[in-house]
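For reference, the structure discussed in these notes is given below.
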Amino acid sequence: MKSSIKIENFEPDICNMVTCYSAPYAKVEYDQNNNTIILSWLQQVNSTQYKAATQKALDALKEYNATYWISEGKNLKEVSPEDTQWASTFLVPSIAANGIKKLAFIIAEDVYKAFYTARIEFAAVSSKIEFQFFNSRKAAENWLYA
């Protein structure tokens, strides 16, 4: 006898997600199916929070030897010039040194982001990582896993 039960909003990939860090402002997850670190910014952060969450993501990268990295930054209204400098001189080279092949940034289309993206782009090119900026997670995943 065939079941007629319909499960709505079921996301099978959710079972393969490991939460590595969770705070009110950010969440770091490891996607086991796709060997991906996902850093989700849940709200605007200060410099201490920005560095803490990115360090947790780096720790997860080292633990799981991930191949891909997604940074969901649509909720970040601004990243300070100092944090942008830190990201381009420390974060991106650290990501590259730990084996990431592709780096996807999901960002809102704000004018301020041009400065941030230019700095990160330079760091990614210098570190020989494939990278791209997106406005949706689906587009980022399609590119990462193509």
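Labeling convention for the structure tokens: chains A, B, ... as they appear, residues from 1 per chain, ligands from 1 in order of appearance.
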
Determine, counting only C-alpha atoms, which protein, DNA and RNA residues have an atom within 12 Å of an atom of Ser94 (chain A); residues of the same chain fewer than 3 positions away are not included. Present the result as a ChimeraX atom specification. /A:54-55,57-59,61-62,86-91,97-100,123-124,127-129

Take the residues that were just selected and, keeping N, CA and C atoms, output them as a PDB file, in the first residue's frame.
```pdb
ATOM      1  N   THR A  54      34.839  34.651  11.988  1.00  0.00           N
ATOM      2  CA  THR A  54      35.693  34.176  10.901  1.00  0.00           C
ATOM      3  C   THR A  54      36.754  33.205  11.429  1.00  0.00           C
ATOM      4  N   GLN A  55      37.236  33.434  12.642  1.00  0.00           N
ATOM      5  CA  GLN A  55      38.200  32.494  13.226  1.00  0.00           C
ATOM      6  C   GLN A  55      37.544  31.142  13.479  1.00  0.00           C
ATOM      7  N   ALA A  57      35.137  29.906  11.754  1.00  0.00           N
ATOM      8  CA  ALA A  57      35.010  29.292  10.429  1.00  0.00           C
ATOM      9  C   ALA A  57      36.353  28.707   9.973  1.00  0.00           C
ATOM     10  N   LEU A  58      37.430  29.414  10.229  1.00  0.00           N
ATOM     11  CA  LEU A  58      38.770  28.895   9.912  1.00  0.00           C
ATOM     12  C   LEU A  58      39.064  27.616  10.702  1.00  0.00           C
ATOM     13  N   ASP A  59      38.677  27.612  11.975  1.00  0.00           N
ATOM     14  CA  ASP A  59      38.862  26.411  12.808  1.00  0.00           C
ATOM     15  C   ASP A  59      38.097  25.223  12.211  1.00  0.00           C
ATOM     16  N   LEU A  61      37.234  24.880   9.074  1.00  0.00           N
ATOM     17  CA  LEU A  61      37.924  24.531   7.834  1.00  0.00           C
ATOM     18  C   LEU A  61      39.087  23.581   8.111  1.00  0.00           C
ATOM     19  N   LYS A  62      39.861  23.896   9.123  1.00  0.00           N
ATOM     20  CA  LYS A  62      41.006  23.052   9.478  1.00  0.00           C
ATOM     21  C   LYS A  62      40.547  21.677   9.974  1.00  0.00           C
ATOM     22  N   TRP A  86      42.108  43.397   7.259  1.00  0.00           N
ATOM     23  CA  TRP A  86      42.400  42.141   7.965  1.00  0.00           C
ATOM     24  C   TRP A  86      41.952  40.940   7.130  1.00  0.00           C
ATOM     25  N   ALA A  87      40.758  41.046   6.543  1.00  0.00           N
ATOM     26  CA  ALA A  87      40.237  39.941   5.730  1.00  0.00           C
ATOM     27  C   ALA A  87      41.125  39.698   4.509  1.00  0.00           C
ATOM     28  N   SER A  88      41.590  40.771   3.887  1.00  0.00           N
ATOM     29  CA  SER A  88      42.384  40.595   2.671  1.00  0.00           C
ATOM     30  C   SER A  88      43.819  40.164   2.947  1.00  0.00           C
ATOM     31  N   THR A  89      44.354  40.530   4.114  1.00  0.00           N
ATOM     32  CA  THR A  89      45.751  40.174   4.406  1.00  0.00           C
ATOM     33  C   THR A  89      45.898  38.924   5.275  1.00  0.00           C
ATOM     34  N   PHE A  90      44.863  38.567   6.042  1.00  0.00           N
ATOM     35  CA  PHE A  90      44.942  37.397   6.909  1.00  0.00           C
ATOM     36  C   PHE A  90      43.926  36.312   6.530  1.00  0.00           C
ATOM     37  N   LEU A  91      42.653  36.683   6.470  1.00  0.00           N
ATOM     38  CA  LEU A  91      41.596  35.688   6.289  1.00  0.00           C
ATOM     39  C   LEU A  91      41.711  34.948   4.959  1.00  0.00           C
ATOM     40  N   ALA A  97      45.576  28.817   2.242  1.00  0.00           N
ATOM     41  CA  ALA A  97      46.609  27.943   2.787  1.00  0.00           C
ATOM     42  C   ALA A  97      46.033  26.638   3.332  1.00  0.00           C
ATOM     43  N   ASN A  98      44.733  26.625   3.600  1.00  0.00           N
ATOM     44  CA  ASN A  98      44.093  25.435   4.149  1.00  0.00           C
ATOM     45  C   ASN A  98      43.281  24.664   3.116  1.00  0.00           C
ATOM     46  N   GLY A  99      43.541  24.903   1.844  1.00  0.00           N
ATOM     47  CA  GLY A  99      43.013  24.028   0.802  1.00  0.00           C
ATOM     48  C   GLY A  99      41.696  24.393   0.152  1.00  0.00           C
ATOM     49  N   ILE A 100      41.133  25.546   0.444  1.00  0.00           N
ATOM     50  CA  ILE A 100      39.885  25.936  -0.218  1.00  0.00           C
ATOM     51  C   ILE A 100      40.154  26.142  -1.708  1.00  0.00           C
ATOM     52  N   ALA A 123      42.878  39.935  -2.832  1.00  0.00           N
ATOM     53  CA  ALA A 123      43.452  38.907  -1.964  1.00  0.00           C
ATOM     54  C   ALA A 123      43.212  37.510  -2.532  1.00  0.00           C
ATOM     55  N   ALA A 124      42.027  37.265  -3.066  1.00  0.00           N
ATOM     56  CA  ALA A 124      41.709  35.946  -3.618  1.00  0.00           C
ATOM     57  C   ALA A 124      42.567  35.648  -4.850  1.00  0.00           C
ATOM     58  N   SER A 127      45.996  34.875  -3.808  1.00  0.00           N
ATOM     59  CA  SER A 127      46.070  33.572  -3.148  1.00  0.00           C
ATOM     60  C   SER A 127      45.737  32.416  -4.082  1.00  0.00           C
ATOM     61  N   LYS A 128      45.420  32.753  -5.330  1.00  0.00           N
ATOM     62  CA  LYS A 128      45.099  31.743  -6.351  1.00  0.00           C
ATOM     63  C   LYS A 128      43.873  30.896  -6.000  1.00  0.00           C
ATOM     64  N   ILE A 129      42.865  31.546  -5.443  1.00  0.00           N
ATOM     65  CA  ILE A 129      41.597  30.883  -5.151  1.00  0.00           C
ATOM     66  C   ILE A 129      40.584  31.350  -6.195  1.00  0.00           C
TER      67      ILE A 129
END
```

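Near Leu42 (chain A), within 12 Å and counting only C-alpha atoms, sit A:Ser22, A:Ala23, A:Pro24, A:Tyr25, A:Ala26, A:Lys27, A:Val28, A:Leu39, A:Ser40, A:Gln44, A:Val45, A:Gln49, A:Tyr50, A:Ala53, A:Ser71, A:Glu72, A:Gly73, A:Lys74, A:Asn75, A:Leu76, A:Lys77; same-chain residues fewer than 2 positions away were not included.
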
Which parts of region 15-84 of chain A does DSSP call alpha helix (DSSP H) when run on the backbone here, written out as a VMD selection string? chain A and resid 47 to 64 81 to 84

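Remark: for Asp31 (chain A), the closest of the candidate residues A:Ala146, A:Ile95, A:Ile106, A:Met17 is A:Met17 (distances computed over only C-alpha atoms).
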
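One distance worth recording is that between CA of Ala60 (chain A) and CA of Cys15 (chain A), which is 17.7 Å.
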
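Remark: for Phe105 (chain A), the closest of the candidate residues A:Phe131, A:Pro93, A:Ser80, A:Gln85 is A:Phe131 (distances computed over only C-alpha atoms).
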